[in-house]
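Everything on this sheet refers to the single structure shown next.
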Amino acid sequence: MAVAKAWLSHDFSESWNSSFSVVFPRAVSTMAEANGRGSDEYTMFGVNKAQADDIADFITLIHTIRWPVADKAMWSDVRVHLKKVIALNRETWALIDKETDDDHEWLPGPKQKSGVLPSFNVTPERIQAWLAVLSQFEAALDGKILVPHWRFDKGINLAKVFDDPRPFDFVLWVTGPAAVPYLQDGPAMSSGEWNQITSIFEGNFASYAFYFN
């Protein structure tokens, strides 16, 4: 729900009309109607028409990701859903800790074996590390700790991003200008602390995060 509302709370119609035909070729859009057919033909650049279309659409997509917030209430709901995910994670691991059986476990505790992904070793250390990551994420959502940006000494107050939303411009977030209104002094997530926590997963943190959720 957080992902869906993050998407739907923004007006991405420009991107849809100019570049989404590569993903949804049968959808009605400006480019889908205007684009020539002849996908087997070659362009003046010596590239297959279909391949050239894909490259052009990708470049256009990056250029048009400057989506204004169309529904502030829905965008605010995104944070609520993310915090609910954190709460449910804690509840889940508390319940798993009380289990005494070991029968084809989907998500096992330290005393159980996975019936789905036996190669994933769920240890007490990894559970605690995961819960620590969730606590960091929750603190960031509440603005209690700041999110670092590669370009600035100050950190981003993520709570303000939800409370005072501005058009989401992908390029400007990467390069820095879009983050400026949300910068402030204060404690921020450190790469050292993050690496210390995630190192417990032996370089496989993303896979465990997907598995645990």
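Please note that chains go A, B, ... in the order of the structure tokens, that every chain numbers its residues from 1, and that ligands are numbered from 1 in the order shown.
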Using 9 Å as the limit and counting only C-alpha atoms, can you tabulate each residue of segment 109-200 of chain A that touches segment 51-63 of chain A, with its shortest atom-to-atom distance in Å and the two atoms involved, as JSON lines?
```
{"residue": "A:Asp169", "atom": "CA", "partner": "A:His63", "partner_atom": "CA", "distance": 8.9}
{"residue": "A:Phe170", "atom": "CA", "partner": "A:Ile62", "partner_atom": "CA", "distance": 7.2}
{"residue": "A:Val171", "atom": "CA", "partner": "A:Ile62", "partner_atom": "CA", "distance": 7.4}
```
Resulting file, chosen residues, all heavy atoms, as a compact mmCIF listing (two decimals), in the first residue's frame:
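Printed below is again.txt as written:
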```
# COMPACT_ATOMS: atom_id res chain seq x y z
N ASP A 169 11.37 15.37 -8.34
CA ASP A 169 12.22 15.46 -9.52
C ASP A 169 13.41 14.53 -9.30
O ASP A 169 14.29 14.80 -8.48
CB ASP A 169 12.70 16.89 -9.74
CG ASP A 169 13.39 17.07 -11.09
OD1 ASP A 169 14.34 16.31 -11.37
OD2 ASP A 169 12.99 17.98 -11.85
N PHE A 170 13.44 13.43 -10.02
CA PHE A 170 14.45 12.40 -9.81
C PHE A 170 15.87 12.94 -9.96
O PHE A 170 16.73 12.72 -9.10
CB PHE A 170 14.23 11.25 -10.80
CG PHE A 170 15.29 10.19 -10.76
CD1 PHE A 170 15.33 9.27 -9.73
CD2 PHE A 170 16.26 10.11 -11.75
CE1 PHE A 170 16.32 8.30 -9.68
CE2 PHE A 170 17.25 9.15 -11.72
CZ PHE A 170 17.28 8.23 -10.68
N VAL A 171 16.11 13.67 -11.04
CA VAL A 171 17.45 14.18 -11.30
C VAL A 171 17.88 15.16 -10.21
O VAL A 171 19.02 15.11 -9.71
CB VAL A 171 17.52 14.84 -12.69
CG1 VAL A 171 18.87 15.52 -12.90
CG2 VAL A 171 17.30 13.80 -13.79
```
Per-residue nearest contacts segment 94-213 of chain A to segment 68-79 of chain A, cut-off 10 Å, using only C-alpha atoms, as a Markdown table:
```
| residue | atom | partner | partner_atom | distance |
| --- | --- | --- | --- | --- |
| A:Glu138 | CA | A:Arg79 | CA | 9.5 |
| A:Leu141 | CA | A:Arg79 | CA | 6.9 |
| A:Asp142 | CA | A:Arg79 | CA | 9.0 |
| A:Leu158 | CA | A:Arg79 | CA | 9.7 |
| A:Ala159 | CA | A:Arg79 | CA | 8.5 |
| A:Val161 | CA | A:Ser76 | CA | 9.4 |
| A:Phe162 | CA | A:Ser76 | CA | 5.7 |
| A:Asp163 | CA | A:Ser76 | CA | 7.0 |
| A:Asp164 | CA | A:Lys72 | CA | 8.8 |
| A:Pro165 | CA | A:Val69 | CA | 6.9 |
| A:Arg166 | CA | A:Val69 | CA | 6.6 |
| A:Pro167 | CA | A:Pro68 | CA | 3.9 |
| A:Phe168 | CA | A:Pro68 | CA | 6.2 |
| A:Asp169 | CA | A:Pro68 | CA | 8.5 |
```
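Ranking A:Phe24, A:Phe201, A:Phe210, A:Tyr182 by their shortest atom-to-atom distance to Ala129 of chain A, with only C-alpha atoms included, puts A:Phe201 first.
All residues within segment 38-202 of chain A that the backbone DSSP calculation assigns to strand (DSSP E or B) are Tyr42, Asn48, Arg66, Trp67, Val69, Glu105, Ser114, Leu146, Val147, Pro148, Gly155, Ile156, Phe168, Asp169, Leu183, Gln184 and Ala188 of chain A.
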(message) According to DSSP computed on the backbone, where in segment 31-145 of chain A is there helix (DSSP H, G or I)? Give the residues as a ChimeraX atom specification.
(response) /A:31-34,49-64,72-97,124-141
(request) Considering only C-alpha atoms, return as a VMD selection string whatever protein or nucleic-acid residues lie within 12 Å of His149 of chain A, sequence-local ones (same chain, fewer than 4 positions apart) excluded. (result) chain A and resid 153 to 158 173 to 180 182 to 184 188 to 191
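Between atom CA of Gln112 of chain A and atom CA of Ile197 of chain A the separation is 22.8 Å.
Take the candidates A:His10, A:Val80, A:Ile86, A:Ile96 and check each one against Phe137 of chain A using only C-alpha atoms; the shortest distance goes to A:Ile86.
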